[in-house]
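To be precise, the following lines are coords.txt, and they hold compact mmCIF, C-alpha atoms.
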# COMPACT_ATOMS: atom_id res chain seq x y z
CA MET A 1 12.91 -29.14 12.19
CA ASN A 2 16.31 -27.77 11.23
CA VAL A 3 16.30 -24.01 10.71
CA ASN A 4 19.98 -23.96 9.77
CA ALA A 5 19.65 -25.43 6.31
CA SER A 6 22.63 -26.85 4.43
CA PRO A 7 23.15 -25.27 0.97
CA ILE A 8 25.07 -28.37 -0.21
CA VAL A 9 22.07 -30.62 0.38
CA LEU A 10 19.57 -28.12 -0.96
CA ASN A 11 21.13 -27.07 -4.27
CA ASN A 12 18.98 -29.52 -6.23
CA LEU A 13 15.83 -27.93 -4.76
CA SER A 14 16.61 -24.36 -5.78
CA ALA A 15 14.42 -24.51 -8.91
CA ILE A 16 11.35 -25.91 -7.13
CA ALA A 17 8.45 -23.48 -6.53
CA ASP A 18 7.63 -22.46 -2.97
CA CYS A 19 4.22 -24.15 -3.03
CA ASP A 20 5.82 -27.43 -4.17
CA LEU A 21 8.34 -27.17 -1.34
CA VAL A 22 5.43 -26.80 1.09
CA THR A 23 3.85 -29.95 -0.38
CA ARG A 24 7.16 -31.72 0.02
CA ALA A 25 7.48 -30.59 3.64
CA VAL A 26 3.90 -31.61 4.48
CA ALA A 27 4.66 -35.05 3.04
CA GLY A 28 7.47 -35.39 5.61
CA ARG A 29 10.43 -34.39 3.44
CA GLU A 30 12.50 -32.20 5.75
CA ASP A 31 14.60 -30.85 2.89
CA GLY A 32 11.51 -29.08 1.54
CA PHE A 33 11.15 -26.96 4.66
CA GLU A 34 14.91 -26.42 4.90
CA GLU A 35 14.92 -24.95 1.39
CA LEU A 36 12.12 -22.57 2.37
CA VAL A 37 14.20 -21.50 5.37
CA ARG A 38 17.22 -20.97 3.12
CA ARG A 39 15.18 -18.76 0.79
CA TYR A 40 13.44 -16.65 3.39
CA GLN A 41 15.55 -16.59 6.56
CA ARG A 42 17.66 -13.57 5.63
CA PRO A 43 14.90 -11.36 4.16
CA ILE A 44 12.54 -12.16 7.03
CA ALA A 45 15.26 -11.43 9.61
CA ALA A 46 16.07 -8.13 7.87
CA TYR A 47 12.40 -7.16 7.75
CA VAL A 48 11.81 -7.97 11.42
CA TYR A 49 14.99 -6.16 12.48
CA ARG A 50 14.04 -3.01 10.61
CA MET A 51 10.57 -3.22 12.12
CA THR A 52 11.78 -3.60 15.70
CA GLY A 53 15.23 -1.99 15.69
CA ASP A 54 16.40 -4.72 18.07
CA TYR A 55 18.93 -7.20 16.68
CA GLU A 56 18.59 -9.83 19.42
CA ALA A 57 14.81 -9.62 19.36
CA ALA A 58 14.86 -9.93 15.57
CA LEU A 59 16.84 -13.17 15.78
CA ASP A 60 14.40 -14.62 18.31
CA LEU A 61 11.37 -13.44 16.34
CA THR A 62 12.73 -14.88 13.10
CA GLN A 63 13.13 -18.26 14.77
CA GLU A 64 9.59 -17.88 16.12
CA VAL A 65 8.28 -17.06 12.64
CA PHE A 66 9.71 -20.24 11.13
CA ILE A 67 8.39 -22.36 14.00
CA LYS A 68 4.92 -20.89 13.35
CA VAL A 69 5.32 -21.51 9.62
CA TYR A 70 6.37 -25.11 10.21
CA ASN A 71 3.44 -25.72 12.51
CA SER A 72 1.00 -24.10 10.09
CA LEU A 73 2.05 -25.72 6.80
CA LEU A 74 -1.14 -27.79 6.64
CA ARG A 75 -3.15 -24.55 6.67
CA TYR A 76 -1.22 -22.95 3.82
CA ARG A 77 -3.40 -22.46 0.72
CA PRO A 78 -1.38 -22.73 -2.52
CA GLU A 79 -3.56 -20.21 -4.36
CA PHE A 80 -1.80 -17.55 -2.29
CA LYS A 81 1.87 -16.64 -2.69
CA PHE A 82 3.99 -18.28 -0.01
CA SER A 83 6.05 -15.10 0.32
CA THR A 84 2.95 -13.08 1.23
CA TRP A 85 1.88 -15.74 3.72
CA ILE A 86 5.21 -15.86 5.54
CA TYR A 87 5.52 -12.06 5.63
CA LYS A 88 2.06 -11.87 7.19
CA ILE A 89 3.23 -14.23 9.94
CA ALA A 90 6.39 -12.12 10.38
CA HIS A 91 4.31 -8.94 10.47
CA ASN A 92 2.07 -10.33 13.22
CA SER A 93 5.07 -11.51 15.25
CA ALA A 94 6.80 -8.13 14.96
CA ILE A 95 3.65 -6.19 15.89
CA ASP A 96 3.01 -8.48 18.87
CA HIS A 97 6.58 -7.90 20.04
CA LEU A 98 6.30 -4.13 19.65
CA ARG A 99 3.10 -4.14 21.66
CA ARG A 100 4.73 -6.22 24.40
CA VAL A 101 7.50 -3.66 24.77
CA GLY A 102 5.05 -0.77 24.94
CA TRP A 103 4.87 0.45 21.35
CA ARG A 104 1.77 2.31 20.31
CA GLU A 105 0.99 3.18 16.73
CA GLN A 106 1.50 6.88 16.22
CA SER A 107 -1.43 8.92 15.03
CA LEU A 108 -1.52 9.21 11.27
CA VAL A 109 -3.30 12.48 10.71
CA THR A 110 -1.28 14.49 8.24
CA GLU A 111 -2.79 14.57 4.77
CA PHE A 112 -0.86 15.34 1.61
CA GLU A 113 -2.09 16.10 -1.84
CA GLY A 114 -0.32 15.55 -5.13
CA VAL A 115 0.68 12.89 -7.60
CA GLU A 116 1.90 9.67 -6.05
CA ARG A 117 5.56 8.93 -6.77
CA GLU A 118 7.76 5.91 -6.34
CA LEU A 119 10.73 6.44 -4.04
CA PRO A 120 13.74 4.26 -4.86
CA LEU A 121 15.49 3.25 -1.64
CA GLU A 122 18.10 1.09 -3.29
CA SER A 123 20.92 3.07 -4.86
CA ARG A 124 22.23 2.23 -8.31
CA ARG A 125 25.56 0.44 -8.49
CA LEU A 126 28.23 3.00 -7.65
CA SER A 127 31.53 3.61 -9.36
CA PRO A 128 34.64 3.43 -7.12
CA GLU A 129 34.81 7.24 -7.11
CA GLN A 130 31.24 7.47 -5.81
CA GLU A 131 31.47 4.67 -3.26
CA TYR A 132 32.14 6.80 -0.16
CA ALA A 133 29.52 9.41 -1.02
CA GLY A 134 27.08 6.64 -1.87
CA LYS A 135 27.66 4.94 1.47
CA GLU A 136 26.95 8.18 3.29
CA ARG A 137 23.77 8.71 1.28
CA ARG A 138 22.51 5.18 2.02
CA GLU A 139 23.13 5.78 5.71
CA GLU A 140 21.18 9.04 5.51
CA ILE A 141 18.29 7.31 3.74
CA GLU A 142 18.30 4.49 6.29
CA HIS A 143 18.22 7.06 9.09
CA VAL A 144 15.22 8.78 7.49
CA VAL A 145 13.42 5.44 7.11
CA ARG A 146 14.10 4.51 10.77
CA ALA A 147 12.72 7.87 11.90
CA LEU A 148 9.34 7.26 10.25
CA PRO A 149 6.38 6.25 12.43
CA ALA A 150 6.31 2.45 12.60
CA ALA A 151 3.10 2.21 10.57
CA TYR A 152 4.76 4.15 7.74
CA ARG A 153 8.14 2.47 8.04
CA GLU A 154 6.76 -1.02 7.59
CA LEU A 155 4.94 -0.13 4.38
CA ILE A 156 8.04 1.57 2.94
CA LEU A 157 10.11 -1.53 3.76
CA LEU A 158 7.62 -3.94 2.23
CA ARG A 159 7.22 -1.84 -0.91
CA HIS A 160 10.79 -0.76 -1.60
CA SER A 161 13.04 -3.23 0.21
CA HIS A 162 10.96 -6.37 -0.36
CA ASP A 163 9.38 -5.40 -3.71
CA MET A 164 5.79 -6.16 -2.71
CA SER A 165 2.79 -4.96 -4.67
CA TYR A 166 0.11 -2.86 -3.00
CA ASP A 167 -2.19 -5.88 -2.94
CA GLU A 168 0.48 -8.03 -1.28
CA ILE A 169 1.14 -5.34 1.34
CA ALA A 170 -2.58 -5.20 2.08
CA ASP A 171 -2.61 -8.97 2.54
CA VAL A 172 0.44 -8.91 4.83
CA THR A 173 -0.70 -6.03 7.04
CA GLY A 174 -4.45 -6.61 6.94
CA LEU A 175 -5.00 -2.98 5.90
CA PRO A 176 -7.49 -1.95 3.22
CA LEU A 177 -5.82 -1.35 -0.15
CA GLY A 178 -6.76 2.34 -0.10
CA THR A 179 -5.16 2.76 3.32
CA VAL A 180 -1.95 1.12 2.08
CA LYS A 181 -1.74 3.52 -0.87
CA ASN A 182 -2.61 6.53 1.28
CA ARG A 183 -0.05 5.74 3.97
CA LEU A 184 2.65 5.02 1.42
CA PHE A 185 2.00 8.39 -0.17
CA ARG A 186 2.20 10.12 3.21
CA ALA A 187 5.37 8.23 4.09
CA ARG A 188 7.05 9.23 0.82
CA GLU A 189 6.05 12.85 1.34
CA ALA A 190 7.41 12.81 4.90
CA MET A 191 10.66 11.32 3.61
CA ARG A 192 10.85 13.82 0.76
CA GLN A 193 10.53 16.72 3.21
CA GLU A 194 13.23 15.20 5.42
CA PHE A 195 15.52 14.70 2.42
CA ILE A 196 15.07 18.37 1.46
CA GLU A 197 15.94 19.47 5.00
CA ARG A 198 19.05 17.28 4.92
CA GLY A 199 20.09 18.58 1.53
CA ILE A 200 19.71 15.17 -0.14
CA THR A 201 18.75 15.54 -3.79
CA GLY A 202 18.17 13.14 -6.65
CA VAL A 203 16.34 10.55 -4.53
Would you put the structure from the file into C-alpha cells?
Amino acid sequence: MNVNASPIVLNNLSAIADCDLVTRAVAGREDGFEELVRRYQRPIAAYVYRMTGDYEAALDLTQEVFIKVYNSLLRYRPEFKFSTWIYKIAHNSAIDHLRRVGWREQSLVTEFEGVERELPLESRRLSPEQEYAGKERREEIEHVVRALPAAYRELILLRHSHDMSYDEIADVTGLPLGTVKNRLFRAREAMRQEFIERGITGV
C-alpha cells in the first residue's frame, strides 16, 4: 500500500467514482486505492487535526485511517457513500485518540429555542482591500470554533467545512438524526453569542 499517491499516474482515474475505485482496489489494482488516498488524504487530515488540535497526532491518525480503510475494503458496501464511510472511520480514530489522552465529552445541557439557521464558516472571496480584515475575521471564527466543546465542534466541522448533510453526519458520528440537528443548533447559538461578544457581525 502506497499512501503517497503520484498525481501523474493517477490523472486518468480522476473521473472514476469512489465505489468503482474501491472495486478496482479490491481486484488488486493499487492505483485504485492510491486515487482514493489522493482524493481524501487532505480533507481527512484537516478534519482529524481540527478534532484533536494536535498536528503530529493528526498525521499519525490519518495514516492509521487509511490503513484501516485499506484493510476493510472488502467490507465496504457500495450502496453507502464512500466519503461517509471513510469519515466514520476517521471519526472513530479521532475519538479513540481523544479518549486515550484523557478527553471527556463535555456535558451538553444548555437548550436554545428559535429558528434554526445556517452559519457560513467559509468567507466569500475577498477583494485585495478586504484581504487583511478578512484574514483576521477567519482567524477569529477559527478561534471560536476551536473553543466549542468537542461534541459541538465536530458537527460544525462536518456540516460547514466538509459539506455533509444531517443524515451523513448522523451516519459518521452514530448519533440519532434529531440529536445531530439539536447539537448543531446549540453550537450555532453558542458561536453566535461569542461572535456578538467579540463584535463580529455579518456572519
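Shell of Ser83 (chain A) at 9 Å, with only C-alpha atoms counted and residues fewer than 5 places along the chain excluded, is Asp18, Tyr40 and Lys88 of chain A.
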For Ala187 (chain A), the closest of A:Ala15, A:Leu175, A:Val144, A:Val101 counting only C-alpha atoms is A:Val144
Who sits within 10 Å of region 74-81 of chain A, all atoms listed in the file, same chain under 5 positions skipped, as a ChimeraX atom specification: /A:18-20,22-23,25-27,69,86,168,171
Long-range neighbours of Glu64 (chain A) as a PyMOL selection string, 10 Å cut-off, only C-alpha atoms, 4 positions minimum in chain: chain A and resi 58-60+68-70+89-90+93
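Distance annotation: of A:Arg38, A:Arg29, A:His91, A:Arg99, the residue with the minimal separation from Leu158 (chain A) is A:His91; atom set is all atoms listed in the file.
Atom to atom, CA of Gln63 (chain A) and CA of His160 (chain A) stand 24.1 Å apart.
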CA of Arg100 (chain A) to CA of Leu73 (chain A) measures 26.4 Å
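When only C-alpha atoms are used to compute distances to Leu155 (chain A), the closest of the residues A:Glu140, A:Arg50, A:Arg198, A:Leu21 turns out to be A:Arg50.
Reported to one decimal place, the separation of CA of Tyr55 (chain A) from CA of Glu194 (chain A) is 25.7 Å.
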- Spatial neighbours of Asp167 (chain A), max dist 10 Å, all atoms listed in the file, sep filter under 5 positions, as a PyMOL selection string: chain A and resi 84+172+175-178+180-181
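The smallest atom-to-atom distance between Val37 (chain A) and any of A:Asp54, A:Tyr49, A:Pro149, A:Thr62, using all atoms listed in the file, is found for A:Thr62.
Using all atoms listed in the file, every residue with an atom at most 12 Å from the point (16.8, -16.7, 6.1) is listed here: Val3, Asn4, Ala5, Ser6, Pro7, Phe33, Glu34, Glu35, Leu36, Val37, Arg38, Arg39, Tyr40, Gln41, Arg42, Pro43, Ile44, Ala45, Ala46, Tyr47, Val48, Ala58, Leu59, Thr62, Gln63, Val65, Phe66 and Ile86 of chain A.
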- Nearby residues (all atoms listed in the file) at most 8 Å from Met51 (chain A), same-chain spacing under 5 positions excluded, as number ranges by chain: A: 94, 150, 153-154
With C-alpha atoms retained, write the just-selected residues as a tab-separated table (two decimals), keeping the file's coordinate frame.
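Final output, result.tsv:
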chain	number	residue	atom	x	y	z
A	94	ALA	CA	6.80	-8.13	14.96
A	150	ALA	CA	6.31	2.45	12.60
A	153	ARG	CA	8.14	2.47	8.04
A	154	GLU	CA	6.76	-1.02	7.59
Using all atoms listed in the file, the best pick from A:Leu98, A:Ala190, A:Ala17, A:Ile169 as closest to Ala147 (chain A) would be A:Ala190
